[in-house]
Number of protein chains: 2
Amino acid sequence: MSKGNARQLILGAMMFFPAGEHISSWRHPVSEAERLLDFDYYRNIVETAERGKFDMFFYADELYVWDRFESSVAQANSIRPEPFTLLSALSVVTKDIALAATVSTTYNEPYHIARKLATLDYISKGRAAWNIVTSQTDEEARNFGKDRHLQHELRYERAKEFVDVTRGLWDSWEENALLFNKQTGQFADRSKLHSLDYKGQFFNVHGPLNITRPPQGHPVLVQAGASEAGKEVAAATAELVFAPGGSLEEAQRLYRDLKGRLGKYGRSEHELKVLPYLIPVIGRTADEVAERVAIVEDLTPESLGLDLLSHYLGRDVSGYPLDQPLPFIPEIDGFNQSHTNLLKIREWIQEENLTLHQLYKRAANQRVFGGTPEQIADYIEEWFTKKAADGFNVAFPHLPGALHDFVELVVPELQRRGLFKTEYTPGNFRDKLGLAKPANRFAAARDKESIRI
Amino acid sequence: MSKGNARQLILGAMMFFPAGEHISSWRHPVSEAERLLDFDYYRNIVETAERGKFDMFFYADELYVWDRFESSVAQANSIRPEPFTLLSALSVVTKDIALAATVSTTYNEPYHIARKLATLDYISKGRAAWNIVTSQTDEEARNFGKDRHLQHELRYERAKEFVDVTRGLWDSWEENALLFNKQTGQFADRSKLHSLDYKGQFFNVHGPLNITRPPQGHPVLVQAGASEAGKEVAAATAELVFAPGGSLEEAQRLYRDLKGRLGKYGRSEHELKVLPYLIPVIGRTADEVAERVAIVEDLTPESLGLDLLSHYLGRDVSGYPLDQPLPFIPEIDGFNQSHTNLLKIREWIQEENLTLHQLYKRAANQRVFGGTPEQIADYIEEWFTKKAADGFNVAFPHLPGALHDFVELVVPELQRRGLFKTEYTPGNFRDKLGLAKPANRFAAARDKESIRI
């Protein structure tokens, strides 16, 4: 187990779309988009990430086909394997890399999710993580019997309850509750089994969970919200925060903001790690970088680029002239998708006066950072040492090629600089991150009680 | 692909409790109960079943800890891995055996289940099956925000809708909907994507599903209900029926009953296979059989045996004298757990006048059949040839040992008799069973439309 307070660079390998992070990754000349339902495709990717000593494979998820626009079905990819089914299979072919499942708290039940994450933690021998999301769209609501997506504040309230219930269920069985005494017939010590009996605004869950406490105690919690409500959920519960990126100064501000909120929850700074988003486009020379960035920036057809922007803004922009700025500032009031995205686009409109053409290009290619391996390592080093990041959630403009490049070219450079480990630390994901195993709430309550007596 | 109409003996390897089918399997001298959360334990079991050419690994599930009684926590085992997480991992280490996941239609959402089964079908290359259950107890309801379990008739109504929605979602994408045309930027043919737009009594689901049609079209559907409502759901939708066993005559009656219901749904007899339950206790000699049966019958402590009977009857029997028959006949009216179990116990009370001691022993050991390998093969052969069964869902008094014995001793005997295959048929699970790939409802509707025009 590494020392809890020593900072170590953490790298996640992110998969948003199976072909890569970019909205049009599937179209990249060397992507293997047609293998998106072939298990060996994912196996190759996660094995490559493990070879590169990535700490985590971070698998995004959505609960709908993006069919709001003609282009979004015809030109984008809304197909993906379901996270638990995929990650569990991947755990069998890996040994050290953690596996982060994205699970929405808005369209799930905590009992199911507590079981699945606990089972994944057992099968992977302590490598499960949970990327807690609240979902984004009305399309998702309509797949689960609702007309509209749950309102922004309410879904963070629900998320808080969901996480609390799930953690409580994980504590159902104390560590040494199972006896397996064939002689006496005692399977379990009944006094070490606890019903949660949770009654809340969103959930009534009796418990106990029908699986014992996961190897990590609780799988590692990841959260990505950058809104006020999201940051509070993160400070209260998350151990890894997936941050939006942006400028160094913005990232430093968010980093300080998040770490500063921990005290009131009785947590210290090293208990929450901040991992901004990065999409490196790697070239061996400046020319190769420019050429490769141009390929990525040209992937998205105009129709899809405009529709993506309309989606982010919640307002159709397809009728406006391409060579002029949009004649309106999008409103945040009443907007029920990602506020973070909308605010960023508002900034580009208000501060840079981009034309519509520039704006949709920017929206489709945000976070793309082109550089040589040295430049990318410089970027990572600067953000890490200047406390804008504890590491990065690295996403790839195309898969598996861009991950392969990162592992071959950037990782050795980071290792040469002494920034990144050359071998995995032994133990489960918490051990590797230097995070303590959470106390069991029921055992802790009883111990406190007996001290008082 | 085998001929659809030729009868072939089908064998499922069933796991109810991880340590075996018997309520007290964990206590068997050679069970490996303490490995119940060790993936290699399951891996060994499913690899052994595959070595024995079992058609299917059938994994049961429940959504609660059986904590109704002191004994049920202290002496029984309510811990188990979650099905999708477990089966997906097992699919990586196997090649031919199908993997049947038990999923409750009462406490799930079809969109999640359609995705998970489709993903399992892709990862396993067409080996997914779904054991459709409606759950049994109020304990389960209380883990999902309800006070009481959904009433018997309603939960079968819900099950029918759930299956209909799930099958509709699997048809969201026609087979050749994905184009992957990097040149033109066309990812998909929009005309081959369909929204389900389902509005029912229990579910409103818009669709489409965010994964394409599974390799089998639809994973194989398994159902176990033996009540009137259950048999109708089976006749309408199931491809494998997991039957309760009982006497040869009872099994023949159920077999004819189920096959006789298929016509009204436009289905033929070979499209539904009936697999009764069997728990063989195998010995090489009559003495060894008797000794091994005695071990199994003595596993259950009296307290647990009585509580199990109380559970089945929905009424506490622990206060009655053990050496006399129960002084009441349990009522079926208003009883909301398994009717099939209750009716069988009523029969034993009414027709055999068993003492309470005999009755709880019988309840704990029902379906146990002791025999030499030849006797067990005789039993299987008779049921198969006399049309009481198309095969068996074989359960094991302890694991992995009893499965190992079956594979070493009974399977070769069945093969010698020409009753059971010596090699797997190529192809996916449907191909192996001689079941046709279901038509896509949207493609079929359009084809019909164009013929009319």
# chains A, B, ... in the order shown; residues from 1 in each chain; ligands from 1

call {"tool": "interface_residues", "arguments": {"of": "chain B", "to": "chain A", "cutoff": "7 Å", "atoms": "only C-alpha atoms", "output": "PyMOL selection string"}}
result
chain B and resi 27+34+37+39+64-65+73-82+84-85+88-89+92+111+115-116+119-120+122-123+142-145+180+182+185-190+203-212

call {"tool": "residues_around", "arguments": {"residues": "Phe406 in chain B", "least_positions_apart": "4", "cutoff": "12 Å", "atoms": "only C-alpha atoms", "output": "JSON, numbers by chain"}}
result
{"B": [11, 13, 45, 48, 49, 51, 52, 53, 54, 278, 279, 280, 281, 282, 283, 284, 371, 372, 373, 374, 376, 377, 394, 395, 396, 397, 398, 399, 400, 401, 402, 410, 411, 412, 413, 414]}

call {"tool": "write_last_selection", "arguments": {"atoms": "N, CA, C and O atoms", "output": "compact mmCIF listing (two decimals), in the first residue's frame"}}
result
# COMPACT_ATOMS: atom_id res chain seq x y z
N LEU B 11 -29.61 -31.16 -21.22
CA LEU B 11 -29.27 -31.12 -19.79
C LEU B 11 -28.80 -29.73 -19.37
O LEU B 11 -27.87 -29.17 -19.96
N ALA B 13 -27.29 -27.57 -16.07
CA ALA B 13 -26.65 -27.71 -14.75
C ALA B 13 -27.11 -26.53 -13.93
O ALA B 13 -26.80 -25.38 -14.24
N ILE B 45 -16.75 -24.95 -11.66
CA ILE B 45 -18.06 -25.60 -11.83
C ILE B 45 -18.52 -25.53 -13.28
O ILE B 45 -18.94 -26.52 -13.88
N THR B 48 -16.42 -27.69 -15.53
CA THR B 48 -16.78 -29.11 -15.36
C THR B 48 -18.07 -29.42 -16.11
O THR B 48 -18.17 -30.44 -16.80
N ALA B 49 -19.05 -28.53 -16.01
CA ALA B 49 -20.32 -28.74 -16.73
C ALA B 49 -20.08 -28.76 -18.24
O ALA B 49 -20.67 -29.57 -18.97
N ARG B 51 -17.27 -29.63 -19.72
CA ARG B 51 -16.60 -30.90 -20.01
C ARG B 51 -17.64 -32.02 -20.13
O ARG B 51 -17.50 -32.92 -20.96
N GLY B 52 -18.70 -31.97 -19.34
CA GLY B 52 -19.78 -32.96 -19.38
C GLY B 52 -20.81 -32.69 -20.47
O GLY B 52 -21.86 -33.33 -20.49
N LYS B 53 -20.55 -31.73 -21.34
CA LYS B 53 -21.42 -31.39 -22.47
C LYS B 53 -22.82 -30.93 -22.05
O LYS B 53 -23.79 -31.07 -22.79
N PHE B 54 -22.90 -30.40 -20.83
CA PHE B 54 -24.16 -29.78 -20.42
C PHE B 54 -24.52 -28.67 -21.41
O PHE B 54 -23.65 -27.93 -21.86
N LEU B 278 -34.24 -32.27 -11.18
CA LEU B 278 -33.77 -33.55 -10.65
C LEU B 278 -32.55 -33.27 -9.77
O LEU B 278 -31.66 -32.54 -10.18
N ILE B 279 -32.55 -33.84 -8.56
CA ILE B 279 -31.35 -33.74 -7.71
C ILE B 279 -30.81 -35.15 -7.50
O ILE B 279 -31.21 -35.84 -6.56
N PRO B 280 -29.92 -35.60 -8.36
CA PRO B 280 -29.42 -36.96 -8.21
C PRO B 280 -28.39 -37.05 -7.09
O PRO B 280 -27.50 -36.21 -6.98
N VAL B 281 -28.52 -38.09 -6.28
CA VAL B 281 -27.46 -38.43 -5.32
C VAL B 281 -26.87 -39.74 -5.84
O VAL B 281 -27.53 -40.77 -5.84
N ILE B 282 -25.65 -39.66 -6.32
CA ILE B 282 -25.05 -40.76 -7.07
C ILE B 282 -24.14 -41.59 -6.17
O ILE B 282 -23.27 -41.05 -5.49
N GLY B 283 -24.32 -42.90 -6.21
CA GLY B 283 -23.38 -43.79 -5.54
C GLY B 283 -23.01 -44.92 -6.49
O GLY B 283 -23.78 -45.24 -7.40
N ARG B 284 -21.84 -45.50 -6.29
CA ARG B 284 -21.41 -46.58 -7.19
C ARG B 284 -22.12 -47.89 -6.89
O ARG B 284 -22.26 -48.75 -7.75
N GLY B 371 -29.37 -42.96 -6.59
CA GLY B 371 -29.24 -44.10 -7.48
C GLY B 371 -27.82 -44.30 -7.94
O GLY B 371 -26.96 -43.42 -7.78
N THR B 372 -27.58 -45.48 -8.51
CA THR B 372 -26.30 -45.71 -9.18
C THR B 372 -26.35 -44.96 -10.51
O THR B 372 -27.42 -44.55 -10.95
N PRO B 373 -25.19 -44.79 -11.16
CA PRO B 373 -25.20 -44.12 -12.46
C PRO B 373 -26.21 -44.76 -13.43
O PRO B 373 -26.91 -44.07 -14.16
N GLU B 374 -26.30 -46.10 -13.40
CA GLU B 374 -27.23 -46.79 -14.31
C GLU B 374 -28.68 -46.45 -13.94
O GLU B 374 -29.51 -46.23 -14.82
N ILE B 376 -29.78 -43.80 -12.44
CA ILE B 376 -30.08 -42.40 -12.79
C ILE B 376 -30.26 -42.27 -14.30
O ILE B 376 -31.17 -41.57 -14.77
N ALA B 377 -29.42 -42.99 -15.05
CA ALA B 377 -29.59 -42.98 -16.51
C ALA B 377 -30.93 -43.62 -16.90
O ALA B 377 -31.60 -43.14 -17.82
N VAL B 394 -30.60 -30.37 -14.06
CA VAL B 394 -30.01 -31.19 -13.01
C VAL B 394 -29.44 -30.28 -11.93
O VAL B 394 -28.64 -29.39 -12.22
N ALA B 395 -29.89 -30.51 -10.71
CA ALA B 395 -29.37 -29.75 -9.57
C ALA B 395 -28.54 -30.70 -8.72
O ALA B 395 -28.63 -31.92 -8.85
N PHE B 396 -27.73 -30.16 -7.84
CA PHE B 396 -26.72 -30.97 -7.18
C PHE B 396 -26.80 -30.80 -5.67
O PHE B 396 -26.88 -29.68 -5.18
N PRO B 397 -26.76 -31.92 -4.95
CA PRO B 397 -26.88 -31.83 -3.48
C PRO B 397 -25.68 -31.13 -2.85
O PRO B 397 -25.80 -30.62 -1.74
N HIS B 398 -24.56 -31.12 -3.55
CA HIS B 398 -23.42 -30.33 -3.08
C HIS B 398 -22.54 -30.04 -4.29
O HIS B 398 -22.53 -30.79 -5.27
N LEU B 399 -21.82 -28.93 -4.21
CA LEU B 399 -20.97 -28.51 -5.34
C LEU B 399 -19.56 -28.27 -4.82
O LEU B 399 -19.38 -27.87 -3.68
N PRO B 400 -18.57 -28.51 -5.68
CA PRO B 400 -18.64 -29.01 -7.06
C PRO B 400 -18.68 -30.55 -7.18
O PRO B 400 -18.85 -31.05 -8.27
N GLY B 401 -18.57 -31.25 -6.03
CA GLY B 401 -18.39 -32.70 -6.07
C GLY B 401 -19.48 -33.46 -6.80
O GLY B 401 -19.19 -34.35 -7.63
N ALA B 402 -20.76 -33.14 -6.52
CA ALA B 402 -21.84 -33.93 -7.11
C ALA B 402 -21.94 -33.69 -8.63
O ALA B 402 -22.33 -34.59 -9.37
N VAL B 410 -22.49 -40.42 -14.80
CA VAL B 410 -23.81 -40.51 -15.46
C VAL B 410 -23.72 -40.10 -16.93
O VAL B 410 -24.29 -40.78 -17.81
N VAL B 411 -23.01 -39.03 -17.22
CA VAL B 411 -22.92 -38.57 -18.61
C VAL B 411 -22.39 -39.67 -19.54
O VAL B 411 -22.99 -39.94 -20.59
N PRO B 412 -21.28 -40.35 -19.18
CA PRO B 412 -20.79 -41.41 -20.08
C PRO B 412 -21.83 -42.52 -20.28
O PRO B 412 -21.95 -43.07 -21.39
N GLU B 413 -22.59 -42.82 -19.24
CA GLU B 413 -23.64 -43.85 -19.36
C GLU B 413 -24.72 -43.39 -20.35
O GLU B 413 -25.18 -44.16 -21.19
N LEU B 414 -25.12 -42.13 -20.24
CA LEU B 414 -26.12 -41.58 -21.18
C LEU B 414 -25.56 -41.59 -22.60
O LEU B 414 -26.28 -41.87 -23.58

call {"tool": "select_by_dssp", "arguments": {"residues": "range 9-221 of chain A", "states": "helix (DSSP H, G or I)", "output": "PyMOL selection string"}}
result
chain A and resi 25-27+33-35+39-51+70-74+83-92+110-123+138-142+152-170+190-192

call {"tool": "write_last_selection", "arguments": {"atoms": "C-alpha atoms", "output": "PDB file, in the first residue's frame"}}
result
ATOM      1  CA  SER A  25     -14.288   8.699 -33.605  1.00  0.00           C
ATOM      2  CA  TRP A  26     -15.847   5.774 -35.450  1.00  0.00           C
ATOM      3  CA  ARG A  27     -15.014   7.576 -38.688  1.00  0.00           C
ATOM      4  CA  ALA A  33     -15.648   0.951 -35.291  1.00  0.00           C
ATOM      5  CA  GLU A  34     -17.163  -2.172 -36.795  1.00  0.00           C
ATOM      6  CA  ARG A  35     -15.803  -4.225 -33.886  1.00  0.00           C
ATOM      7  CA  PHE A  39     -15.430  -8.652 -26.908  1.00  0.00           C
ATOM      8  CA  ASP A  40     -11.848  -9.055 -28.154  1.00  0.00           C
ATOM      9  CA  TYR A  41     -11.882  -5.404 -29.208  1.00  0.00           C
ATOM     10  CA  TYR A  42     -12.444  -4.329 -25.586  1.00  0.00           C
ATOM     11  CA  ARG A  43     -10.076  -6.974 -24.312  1.00  0.00           C
ATOM     12  CA  ASN A  44      -7.298  -5.596 -26.496  1.00  0.00           C
ATOM     13  CA  ILE A  45      -7.998  -2.056 -25.286  1.00  0.00           C
ATOM     14  CA  VAL A  46      -8.013  -2.866 -21.590  1.00  0.00           C
ATOM     15  CA  GLU A  47      -4.964  -5.110 -21.924  1.00  0.00           C
ATOM     16  CA  THR A  48      -3.137  -2.257 -23.651  1.00  0.00           C
ATOM     17  CA  ALA A  49      -4.157   0.140 -20.873  1.00  0.00           C
ATOM     18  CA  GLU A  50      -2.892  -2.331 -18.283  1.00  0.00           C
ATOM     19  CA  ARG A  51       0.387  -2.694 -20.153  1.00  0.00           C
ATOM     20  CA  GLU A  70     -31.608  12.838 -38.319  1.00  0.00           C
ATOM     21  CA  SER A  71     -27.817  13.165 -38.134  1.00  0.00           C
ATOM     22  CA  SER A  72     -27.500  11.812 -34.630  1.00  0.00           C
ATOM     23  CA  VAL A  73     -28.684   8.375 -35.707  1.00  0.00           C
ATOM     24  CA  ALA A  74     -27.249   8.392 -39.208  1.00  0.00           C
ATOM     25  CA  PRO A  83     -21.210  -1.608 -18.366  1.00  0.00           C
ATOM     26  CA  PHE A  84     -21.485  -4.412 -15.769  1.00  0.00           C
ATOM     27  CA  THR A  85     -21.676  -7.144 -18.359  1.00  0.00           C
ATOM     28  CA  LEU A  86     -18.653  -5.729 -20.182  1.00  0.00           C
ATOM     29  CA  LEU A  87     -16.484  -4.869 -17.180  1.00  0.00           C
ATOM     30  CA  SER A  88     -17.071  -8.159 -15.438  1.00  0.00           C
ATOM     31  CA  ALA A  89     -15.897 -10.044 -18.510  1.00  0.00           C
ATOM     32  CA  LEU A  90     -12.874  -7.718 -18.733  1.00  0.00           C
ATOM     33  CA  SER A  91     -11.985  -8.373 -15.099  1.00  0.00           C
ATOM     34  CA  VAL A  92     -11.236 -11.988 -16.007  1.00  0.00           C
ATOM     35  CA  PRO A 110     -29.800   0.955  -5.202  1.00  0.00           C
ATOM     36  CA  TYR A 111     -30.337  -2.701  -4.244  1.00  0.00           C
ATOM     37  CA  HIS A 112     -29.488  -3.877  -7.771  1.00  0.00           C
ATOM     38  CA  ILE A 113     -26.503  -1.559  -8.092  1.00  0.00           C
ATOM     39  CA  ALA A 114     -25.083  -2.389  -4.666  1.00  0.00           C
ATOM     40  CA  ARG A 115     -25.201  -6.091  -5.601  1.00  0.00           C
ATOM     41  CA  LYS A 116     -23.634  -5.624  -9.021  1.00  0.00           C
ATOM     42  CA  LEU A 117     -20.811  -3.417  -7.799  1.00  0.00           C
ATOM     43  CA  ALA A 118     -20.133  -5.769  -4.888  1.00  0.00           C
ATOM     44  CA  THR A 119     -20.064  -8.753  -7.253  1.00  0.00           C
ATOM     45  CA  LEU A 120     -17.750  -6.925  -9.647  1.00  0.00           C
ATOM     46  CA  ASP A 121     -15.513  -6.085  -6.700  1.00  0.00           C
ATOM     47  CA  TYR A 122     -15.354  -9.770  -5.715  1.00  0.00           C
ATOM     48  CA  ILE A 123     -14.799 -11.089  -9.236  1.00  0.00           C
ATOM     49  CA  ASP A 138     -35.569  13.357 -21.713  1.00  0.00           C
ATOM     50  CA  GLU A 139     -34.788  10.483 -24.085  1.00  0.00           C
ATOM     51  CA  GLU A 140     -33.532   8.501 -21.100  1.00  0.00           C
ATOM     52  CA  ALA A 141     -36.635   9.342 -19.057  1.00  0.00           C
ATOM     53  CA  ARG A 142     -38.833   7.962 -21.842  1.00  0.00           C
ATOM     54  CA  HIS A 152     -31.576  19.180 -11.962  1.00  0.00           C
ATOM     55  CA  GLU A 153     -31.712  19.834  -8.185  1.00  0.00           C
ATOM     56  CA  LEU A 154     -33.939  16.850  -7.518  1.00  0.00           C
ATOM     57  CA  ARG A 155     -31.676  14.463  -9.353  1.00  0.00           C
ATOM     58  CA  TYR A 156     -28.742  15.472  -7.172  1.00  0.00           C
ATOM     59  CA  GLU A 157     -30.929  14.992  -4.089  1.00  0.00           C
ATOM     60  CA  ARG A 158     -31.784  11.563  -5.423  1.00  0.00           C
ATOM     61  CA  ALA A 159     -28.119  10.847  -6.162  1.00  0.00           C
ATOM     62  CA  LYS A 160     -27.154  11.649  -2.561  1.00  0.00           C
ATOM     63  CA  GLU A 161     -29.813   9.301  -1.210  1.00  0.00           C
ATOM     64  CA  PHE A 162     -28.895   6.610  -3.733  1.00  0.00           C
ATOM     65  CA  VAL A 163     -25.242   6.670  -2.697  1.00  0.00           C
ATOM     66  CA  ASP A 164     -26.155   6.655   0.986  1.00  0.00           C
ATOM     67  CA  VAL A 165     -28.454   3.637   0.540  1.00  0.00           C
ATOM     68  CA  THR A 166     -25.866   1.790  -1.538  1.00  0.00           C
ATOM     69  CA  ARG A 167     -23.113   2.352   1.000  1.00  0.00           C
ATOM     70  CA  GLY A 168     -25.442   1.264   3.785  1.00  0.00           C
ATOM     71  CA  LEU A 169     -26.289  -1.935   1.918  1.00  0.00           C
ATOM     72  CA  TRP A 170     -22.593  -2.705   1.420  1.00  0.00           C
ATOM     73  CA  ARG A 190     -26.817 -13.314  13.100  1.00  0.00           C
ATOM     74  CA  SER A 191     -25.621 -10.445  15.316  1.00  0.00           C
ATOM     75  CA  LYS A 192     -23.274  -9.345  12.534  1.00  0.00           C
TER      76      LYS A 192
END

call {"tool": "select_by_dssp", "arguments": {"residues": "range 9-197 of chain A", "states": "strand (DSSP E)", "output": "JSON, numbers by chain"}}
result
{"A": [10, 11, 12, 13, 14, 15, 56, 57, 58, 59, 98, 99, 100, 101, 102, 103, 104, 128, 129, 130, 131, 132, 133, 178, 179, 180, 181, 186, 187, 188]}

call {"tool": "atom_distance", "arguments": {"atom1": "CA of Pro438 in chain A", "atom2": "CA of Pro219 in chain A"}}
result
9.7 Å

call {"tool": "residues_around", "arguments": {"residues": "Pro244 in chain A", "least_positions_apart": "3", "cutoff": "10 Å", "atoms": "only C-alpha atoms", "output": "list in words"}}
result
Ala224, Gly225, Ala226, Val241, Ser247, Glu250, Ala251, Leu254, Leu275, Pro276, Tyr277, Leu278, Thr340, Asn341, Arg367 and Asn393 of chain A

call {"tool": "decode", "arguments": {"residues": "range 317-329 of chain B", "atoms": "N, CA and C atoms", "output": "tab-separated table (two decimals), in the first residue's frame"}}
result
chain	number	residue	atom	x	y	z
B	317	VAL	N	-45.32	-23.19	11.90
B	317	VAL	CA	-45.62	-24.57	12.33
B	317	VAL	C	-44.76	-24.98	13.53
B	318	SER	N	-43.94	-24.06	14.03
B	318	SER	CA	-42.92	-24.47	15.00
B	318	SER	C	-43.50	-24.91	16.34
B	319	GLY	N	-44.75	-24.55	16.64
B	319	GLY	CA	-45.31	-24.91	17.94
B	319	GLY	C	-46.00	-26.27	17.98
B	320	TYR	N	-46.13	-26.95	16.85
B	320	TYR	CA	-46.93	-28.19	16.82
B	320	TYR	C	-46.08	-29.40	17.15
B	321	PRO	N	-46.72	-30.47	17.67
B	321	PRO	CA	-45.96	-31.68	18.01
B	321	PRO	C	-45.36	-32.34	16.77
B	322	LEU	N	-44.11	-32.76	16.88
B	322	LEU	CA	-43.37	-33.30	15.73
B	322	LEU	C	-43.86	-34.68	15.30
B	323	ASP	N	-44.43	-35.44	16.24
B	323	ASP	CA	-44.79	-36.83	15.94
B	323	ASP	C	-46.23	-36.98	15.50
B	324	GLN	N	-46.89	-35.86	15.23
B	324	GLN	CA	-48.28	-35.93	14.76
B	324	GLN	C	-48.43	-35.13	13.48
B	325	PRO	N	-49.46	-35.45	12.69
B	325	PRO	CA	-49.73	-34.62	11.51
B	325	PRO	C	-50.14	-33.21	11.93
B	326	LEU	N	-49.90	-32.24	11.06
B	326	LEU	CA	-50.36	-30.88	11.34
B	326	LEU	C	-51.88	-30.88	11.49
B	327	PRO	N	-52.42	-30.14	12.45
B	327	PRO	CA	-53.87	-30.17	12.67
B	327	PRO	C	-54.65	-29.23	11.74
B	328	PHE	N	-54.02	-28.75	10.68
B	328	PHE	CA	-54.75	-27.87	9.74
B	328	PHE	C	-54.27	-28.15	8.30
B	329	ILE	N	-55.12	-27.78	7.37
B	329	ILE	CA	-54.75	-27.86	5.95
B	329	ILE	C	-54.46	-26.43	5.50
